[in-house]
Amino acid sequence: MSASIAPVAETVTCRGERFRLYLDADTIAARVQAIGRAIDAEYDGKRPILIGVLNGAFMFLSDLMRAISIDCEVDFLKLSSYGAEKVSSGTVTELKKIDADLGGRHIIVVEDIVDTGLSMQFITELMAELNPASVRTATLLHKKAATRPDLNLQLDYVGFEIDNLFVIGYGLDYGQLGRNLPAIYILDED
Ligand code: IMP
């Protein structure tokens with residue numbers, strides 16, 4: 001049996017808008033491996049629980065978990081989303097709660113992207129109420145220029161600091177489309 005690798009598109013169209021390749025799959029994979037090794041080193045013997053934020057973080061989370069070799073667990077929560085908009089609505093609500101008992105546990109919240117930071121702040125406050133042993137955060141992408149400085153967010157593991165433009169791919173969507181792209185694409189404003 002022979003496997004063929006699909007060529008990587010330099011530009012894609014999603015919902016009628018053009019996006020250009022920004023972070024390719026190899027670049028993402030190398031960074032995810034490095035974060036996995038850091039978690040291995042810092043959490044040995046602590047059996048962390050990764051809390052993935054649905055839907056966008058599922059791809060990063062599944063690769064990150066395979067890059068971790070120490071014992072670890074996983075669970076998910078879901079927040080209200082952007083809908084089909086490209087700007088944050090500014091309000092966050094919890095749509096799916098976590099099943100696991102997080103009391104005394106070492107939690108790592110895993111997000112696809114931190115934009116304004118409101119979602120991450122909402123989640124870390126939610127986690128802190130559950131009396132965990134520790135709460136840290138991992139995000140694949142961080143739009144530093146868009147993040148509200150007044151939130152004083154603590155981002156422990158950041159894959160990439162990116163430009164303040166809308167991105168899709170590798171789990172991130174534009175109105176539910178684009179999640180299946182194997183790389184990250186950024187809105188082409190030209
Ligand atoms: P925040 O609350 O403004 O930080 O937004 C976080 C959430 O908004 C992420 O978990 C994503 O679901 C979504 N989001 C923010 N920026 C983008 C983007 O550029 N593309 C796709 N989704 C985004």
# chains A, B, ... in the order shown; residues from 1 in each chain; ligands from 1
>>> residues_near_ligand(ligand="ligand 1", cutoff="6 Å", atoms="only C-alpha atoms and all ligand atoms", output="list in words")
Gly56, Ser81, Ser88, Glu111, Asp112, Ile113, Val114, Asp115, Thr116, Gly117, Leu118, Ser119, Phe166, Val167, Ile168, Leu172, Asp173 and Tyr174 of chain A
>>> write_last_selection(atoms="N, CA, C and O atoms", output="compact mmCIF listing (two decimals), in the first residue's frame")
# COMPACT_ATOMS: atom_id res chain seq x y z
N GLY A 56 -12.86 24.11 19.59
CA GLY A 56 -11.63 24.44 18.87
C GLY A 56 -10.37 23.72 19.32
O GLY A 56 -9.47 23.49 18.53
N SER A 81 -19.81 30.14 21.78
CA SER A 81 -18.77 30.45 20.80
C SER A 81 -19.04 31.76 20.08
O SER A 81 -20.00 32.46 20.36
N SER A 88 -14.95 38.76 18.89
CA SER A 88 -15.45 38.18 20.13
C SER A 88 -16.69 38.94 20.60
O SER A 88 -16.75 40.16 20.56
N GLU A 111 -6.55 25.44 25.54
CA GLU A 111 -7.32 26.26 24.62
C GLU A 111 -6.67 26.26 23.25
O GLU A 111 -5.45 26.06 23.14
N ASP A 112 -7.46 26.52 22.21
CA ASP A 112 -6.88 26.68 20.88
C ASP A 112 -6.24 28.06 20.74
O ASP A 112 -5.14 28.20 20.22
N ILE A 113 -6.96 29.10 21.24
CA ILE A 113 -6.47 30.47 21.03
C ILE A 113 -6.97 31.37 22.15
O ILE A 113 -8.09 31.21 22.63
N VAL A 114 -6.12 32.28 22.56
CA VAL A 114 -6.53 33.33 23.49
C VAL A 114 -6.55 34.63 22.70
O VAL A 114 -5.54 35.04 22.14
N ASP A 115 -7.74 35.23 22.65
CA ASP A 115 -7.95 36.47 21.88
C ASP A 115 -8.09 37.60 22.91
O ASP A 115 -7.09 38.10 23.43
N THR A 116 -9.31 37.97 23.28
CA THR A 116 -9.47 38.99 24.33
C THR A 116 -9.00 38.46 25.68
O THR A 116 -8.61 39.22 26.55
N GLY A 117 -9.08 37.13 25.85
CA GLY A 117 -8.70 36.51 27.12
C GLY A 117 -9.89 36.26 28.03
O GLY A 117 -9.75 35.63 29.08
N LEU A 118 -11.08 36.72 27.60
CA LEU A 118 -12.27 36.56 28.46
C LEU A 118 -12.61 35.09 28.71
O LEU A 118 -12.95 34.71 29.82
N SER A 119 -12.49 34.27 27.68
CA SER A 119 -12.82 32.85 27.85
C SER A 119 -11.85 32.20 28.84
O SER A 119 -12.28 31.49 29.76
N PHE A 166 -7.81 37.27 12.18
CA PHE A 166 -8.59 36.05 12.33
C PHE A 166 -7.88 34.87 11.67
O PHE A 166 -7.37 34.98 10.56
N VAL A 167 -7.83 33.74 12.38
CA VAL A 167 -7.16 32.54 11.84
C VAL A 167 -8.12 31.34 11.85
O VAL A 167 -9.06 31.29 12.65
N ILE A 168 -7.85 30.41 10.94
CA ILE A 168 -8.62 29.16 10.89
C ILE A 168 -7.66 27.98 10.71
O ILE A 168 -6.49 28.16 10.37
N LEU A 172 -9.46 25.33 14.57
CA LEU A 172 -10.11 26.65 14.65
C LEU A 172 -11.04 26.87 13.45
O LEU A 172 -10.68 26.54 12.32
N ASP A 173 -12.19 27.47 13.72
CA ASP A 173 -13.20 27.57 12.67
C ASP A 173 -13.58 29.00 12.34
O ASP A 173 -13.36 29.93 13.11
N TYR A 174 -14.24 29.12 11.18
CA TYR A 174 -14.96 30.34 10.81
C TYR A 174 -16.38 29.87 10.53
O TYR A 174 -16.62 29.21 9.51
>>> select_by_dssp(residues="stretch 42-171 of chain A", states="helix (DSSP H, G or I)", output="PyMOL selection string")
chain A and resi 42+58-66+118-128+144-146+149-151
>>> residues_around(residues="A:Asp156", least_positions_apart="4", cutoff="9 Å", atoms="only C-alpha atoms", output="list in words")
Arg136, Thr137, Ala138 and Thr139 of chain A
>>> closest_residue(among="A:Glu73, A:Leu23, A:Gln33, A:Gly52", to="A:Glu161", atoms="only C-alpha atoms")
A:Leu23
>>> closest_residue(among="A:Thr27, A:Asn131, A:Asn180, A:Thr147", to="A:Phe58", atoms="only C-alpha atoms")
A:Asn180
>>> atom_distance(atom1="atom CA of A:Asp71", atom2="atom CA of A:Glu42")
12.3 Å
>>> closest_residue(among="A:Val109, A:Ile39, A:Leu21, A:Ala34", to="A:Ala183", atoms="only C-alpha atoms")
A:Leu21
>>> decode(residues="stretch 124-170 of chain A", atoms="N, CA and C atoms", output="PDB file, in the first residue's frame")
ATOM      1  N   THR A 124     -10.523  29.762  34.055  1.00  0.00           N
ATOM      2  CA  THR A 124      -9.605  29.600  35.199  1.00  0.00           C
ATOM      3  C   THR A 124     -10.318  29.952  36.507  1.00  0.00           C
ATOM      4  N   GLU A 125     -11.225  30.920  36.455  1.00  0.00           N
ATOM      5  CA  GLU A 125     -12.003  31.231  37.665  1.00  0.00           C
ATOM      6  C   GLU A 125     -12.934  30.076  38.019  1.00  0.00           C
ATOM      7  N   LEU A 126     -13.516  29.479  36.997  1.00  0.00           N
ATOM      8  CA  LEU A 126     -14.400  28.317  37.184  1.00  0.00           C
ATOM      9  C   LEU A 126     -13.631  27.155  37.815  1.00  0.00           C
ATOM     10  N   MET A 127     -12.419  26.920  37.323  1.00  0.00           N
ATOM     11  CA  MET A 127     -11.583  25.820  37.826  1.00  0.00           C
ATOM     12  C   MET A 127     -11.169  26.076  39.271  1.00  0.00           C
ATOM     13  N   ALA A 128     -10.826  27.324  39.568  1.00  0.00           N
ATOM     14  CA  ALA A 128     -10.343  27.661  40.914  1.00  0.00           C
ATOM     15  C   ALA A 128     -11.409  27.376  41.972  1.00  0.00           C
ATOM     16  N   GLU A 129     -12.688  27.495  41.577  1.00  0.00           N
ATOM     17  CA  GLU A 129     -13.788  27.238  42.521  1.00  0.00           C
ATOM     18  C   GLU A 129     -13.896  25.755  42.890  1.00  0.00           C
ATOM     19  N   LEU A 130     -13.223  24.878  42.120  1.00  0.00           N
ATOM     20  CA  LEU A 130     -13.366  23.427  42.338  1.00  0.00           C
ATOM     21  C   LEU A 130     -12.270  22.861  43.244  1.00  0.00           C
ATOM     22  N   ASN A 131     -11.548  23.741  43.924  1.00  0.00           N
ATOM     23  CA  ASN A 131     -10.493  23.359  44.879  1.00  0.00           C
ATOM     24  C   ASN A 131      -9.427  22.423  44.303  1.00  0.00           C
ATOM     25  N   PRO A 132      -8.888  22.747  43.128  1.00  0.00           N
ATOM     26  CA  PRO A 132      -7.820  21.906  42.566  1.00  0.00           C
ATOM     27  C   PRO A 132      -6.506  22.139  43.298  1.00  0.00           C
ATOM     28  N   ALA A 133      -5.530  21.237  43.085  1.00  0.00           N
ATOM     29  CA  ALA A 133      -4.193  21.441  43.657  1.00  0.00           C
ATOM     30  C   ALA A 133      -3.489  22.581  42.921  1.00  0.00           C
ATOM     31  N   SER A 134      -3.703  22.683  41.596  1.00  0.00           N
ATOM     32  CA  SER A 134      -3.107  23.762  40.808  1.00  0.00           C
ATOM     33  C   SER A 134      -3.880  23.924  39.505  1.00  0.00           C
ATOM     34  N   VAL A 135      -3.815  25.132  38.952  1.00  0.00           N
ATOM     35  CA  VAL A 135      -4.415  25.392  37.634  1.00  0.00           C
ATOM     36  C   VAL A 135      -3.389  26.104  36.771  1.00  0.00           C
ATOM     37  N   ARG A 136      -3.073  25.511  35.640  1.00  0.00           N
ATOM     38  CA  ARG A 136      -2.222  26.177  34.656  1.00  0.00           C
ATOM     39  C   ARG A 136      -2.942  26.187  33.315  1.00  0.00           C
ATOM     40  N   THR A 137      -2.410  26.979  32.390  1.00  0.00           N
ATOM     41  CA  THR A 137      -3.079  27.128  31.099  1.00  0.00           C
ATOM     42  C   THR A 137      -2.118  26.842  29.954  1.00  0.00           C
ATOM     43  N   ALA A 138      -2.672  26.217  28.920  1.00  0.00           N
ATOM     44  CA  ALA A 138      -1.909  25.997  27.685  1.00  0.00           C
ATOM     45  C   ALA A 138      -2.763  26.478  26.527  1.00  0.00           C
ATOM     46  N   THR A 139      -2.186  27.299  25.673  1.00  0.00           N
ATOM     47  CA  THR A 139      -2.914  27.709  24.470  1.00  0.00           C
ATOM     48  C   THR A 139      -1.991  27.595  23.271  1.00  0.00           C
ATOM     49  N   LEU A 140      -2.538  27.081  22.179  1.00  0.00           N
ATOM     50  CA  LEU A 140      -1.696  26.967  20.987  1.00  0.00           C
ATOM     51  C   LEU A 140      -1.336  28.349  20.455  1.00  0.00           C
ATOM     52  N   LEU A 141      -2.334  29.241  20.428  1.00  0.00           N
ATOM     53  CA  LEU A 141      -2.127  30.568  19.842  1.00  0.00           C
ATOM     54  C   LEU A 141      -2.502  31.653  20.839  1.00  0.00           C
ATOM     55  N   HIS A 142      -1.812  32.776  20.746  1.00  0.00           N
ATOM     56  CA  HIS A 142      -2.126  33.930  21.597  1.00  0.00           C
ATOM     57  C   HIS A 142      -2.047  35.192  20.763  1.00  0.00           C
ATOM     58  N   LYS A 143      -3.199  35.884  20.658  1.00  0.00           N
ATOM     59  CA  LYS A 143      -3.222  37.195  19.989  1.00  0.00           C
ATOM     60  C   LYS A 143      -2.940  38.239  21.056  1.00  0.00           C
ATOM     61  N   LYS A 144      -1.649  38.440  21.308  1.00  0.00           N
ATOM     62  CA  LYS A 144      -1.237  39.291  22.422  1.00  0.00           C
ATOM     63  C   LYS A 144      -1.835  40.698  22.335  1.00  0.00           C
ATOM     64  N   ALA A 145      -1.854  41.256  21.133  1.00  0.00           N
ATOM     65  CA  ALA A 145      -2.332  42.638  20.971  1.00  0.00           C
ATOM     66  C   ALA A 145      -3.827  42.768  21.253  1.00  0.00           C
ATOM     67  N   ALA A 146      -4.554  41.644  21.186  1.00  0.00           N
ATOM     68  CA  ALA A 146      -6.009  41.697  21.406  1.00  0.00           C
ATOM     69  C   ALA A 146      -6.382  41.404  22.850  1.00  0.00           C
ATOM     70  N   THR A 147      -5.432  40.900  23.623  1.00  0.00           N
ATOM     71  CA  THR A 147      -5.754  40.444  24.987  1.00  0.00           C
ATOM     72  C   THR A 147      -5.854  41.622  25.943  1.00  0.00           C
ATOM     73  N   ARG A 148      -6.961  41.637  26.674  1.00  0.00           N
ATOM     74  CA  ARG A 148      -7.203  42.767  27.589  1.00  0.00           C
ATOM     75  C   ARG A 148      -6.204  42.743  28.738  1.00  0.00           C
ATOM     76  N   PRO A 149      -5.395  43.809  28.861  1.00  0.00           N
ATOM     77  CA  PRO A 149      -4.350  43.818  29.890  1.00  0.00           C
ATOM     78  C   PRO A 149      -4.915  43.797  31.309  1.00  0.00           C
ATOM     79  N   ASP A 150      -6.135  44.322  31.481  1.00  0.00           N
ATOM     80  CA  ASP A 150      -6.723  44.383  32.828  1.00  0.00           C
ATOM     81  C   ASP A 150      -7.065  43.002  33.384  1.00  0.00           C
ATOM     82  N   LEU A 151      -7.054  41.969  32.536  1.00  0.00           N
ATOM     83  CA  LEU A 151      -7.423  40.629  33.016  1.00  0.00           C
ATOM     84  C   LEU A 151      -6.289  39.958  33.795  1.00  0.00           C
ATOM     85  N   ASN A 152      -5.048  40.422  33.599  1.00  0.00           N
ATOM     86  CA  ASN A 152      -3.890  39.803  34.258  1.00  0.00           C
ATOM     87  C   ASN A 152      -3.858  38.299  34.079  1.00  0.00           C
ATOM     88  N   LEU A 153      -4.037  37.852  32.861  1.00  0.00           N
ATOM     89  CA  LEU A 153      -4.081  36.424  32.561  1.00  0.00           C
ATOM     90  C   LEU A 153      -2.723  35.779  32.731  1.00  0.00           C
ATOM     91  N   GLN A 154      -2.719  34.565  33.270  1.00  0.00           N
ATOM     92  CA  GLN A 154      -1.481  33.805  33.373  1.00  0.00           C
ATOM     93  C   GLN A 154      -1.506  32.711  32.303  1.00  0.00           C
ATOM     94  N   LEU A 155      -0.675  32.878  31.270  1.00  0.00           N
ATOM     95  CA  LEU A 155      -0.594  31.854  30.220  1.00  0.00           C
ATOM     96  C   LEU A 155       0.724  31.103  30.409  1.00  0.00           C
ATOM     97  N   ASP A 156       0.638  29.833  30.784  1.00  0.00           N
ATOM     98  CA  ASP A 156       1.840  29.080  31.162  1.00  0.00           C
ATOM     99  C   ASP A 156       2.533  28.449  29.963  1.00  0.00           C
ATOM    100  N   TYR A 157       1.760  27.887  29.054  1.00  0.00           N
ATOM    101  CA  TYR A 157       2.335  27.262  27.858  1.00  0.00           C
ATOM    102  C   TYR A 157       1.674  27.909  26.635  1.00  0.00           C
ATOM    103  N   VAL A 158       2.465  28.623  25.853  1.00  0.00           N
ATOM    104  CA  VAL A 158       1.939  29.289  24.659  1.00  0.00           C
ATOM    105  C   VAL A 158       2.672  28.729  23.445  1.00  0.00           C
ATOM    106  N   GLY A 159       1.899  28.219  22.479  1.00  0.00           N
ATOM    107  CA  GLY A 159       2.517  27.698  21.261  1.00  0.00           C
ATOM    108  C   GLY A 159       3.147  28.815  20.454  1.00  0.00           C
ATOM    109  N   PHE A 160       2.320  29.779  20.063  1.00  0.00           N
ATOM    110  CA  PHE A 160       2.785  30.875  19.209  1.00  0.00           C
ATOM    111  C   PHE A 160       2.053  32.167  19.558  1.00  0.00           C
ATOM    112  N   GLU A 161       2.808  33.259  19.664  1.00  0.00           N
ATOM    113  CA  GLU A 161       2.208  34.599  19.710  1.00  0.00           C
ATOM    114  C   GLU A 161       1.936  34.969  18.253  1.00  0.00           C
ATOM    115  N   ILE A 162       0.694  35.361  17.944  1.00  0.00           N
ATOM    116  CA  ILE A 162       0.372  35.633  16.527  1.00  0.00           C
ATOM    117  C   ILE A 162      -0.178  37.039  16.331  1.00  0.00           C
ATOM    118  N   ASP A 163      -0.225  37.445  15.050  1.00  0.00           N
ATOM    119  CA  ASP A 163      -0.778  38.760  14.710  1.00  0.00           C
ATOM    120  C   ASP A 163      -2.258  38.812  15.075  1.00  0.00           C
ATOM    121  N   ASN A 164      -2.749  40.012  15.258  1.00  0.00           N
ATOM    122  CA  ASN A 164      -4.132  40.205  15.665  1.00  0.00           C
ATOM    123  C   ASN A 164      -5.075  40.156  14.466  1.00  0.00           C
ATOM    124  N   LEU A 165      -5.104  38.984  13.813  1.00  0.00           N
ATOM    125  CA  LEU A 165      -5.988  38.772  12.670  1.00  0.00           C
ATOM    126  C   LEU A 165      -6.696  37.433  12.849  1.00  0.00           C
ATOM    127  N   PHE A 166      -7.806  37.273  12.176  1.00  0.00           N
ATOM    128  CA  PHE A 166      -8.590  36.051  12.330  1.00  0.00           C
ATOM    129  C   PHE A 166      -7.881  34.866  11.671  1.00  0.00           C
ATOM    130  N   VAL A 167      -7.828  33.738  12.378  1.00  0.00           N
ATOM    131  CA  VAL A 167      -7.160  32.537  11.842  1.00  0.00           C
ATOM    132  C   VAL A 167      -8.121  31.341  11.847  1.00  0.00           C
ATOM    133  N   ILE A 168      -7.845  30.406  10.937  1.00  0.00           N
ATOM    134  CA  ILE A 168      -8.623  29.164  10.885  1.00  0.00           C
ATOM    135  C   ILE A 168      -7.662  27.983  10.712  1.00  0.00           C
ATOM    136  N   GLY A 169      -8.196  26.782  10.918  1.00  0.00           N
ATOM    137  CA  GLY A 169      -7.423  25.562  10.694  1.00  0.00           C
ATOM    138  C   GLY A 169      -6.953  24.929  11.990  1.00  0.00           C
ATOM    139  N   TYR A 170      -6.577  23.652  11.907  1.00  0.00           N
ATOM    140  CA  TYR A 170      -6.057  22.903  13.060  1.00  0.00           C
ATOM    141  C   TYR A 170      -7.038  23.046  14.240  1.00  0.00           C
TER     142      TYR A 170
END
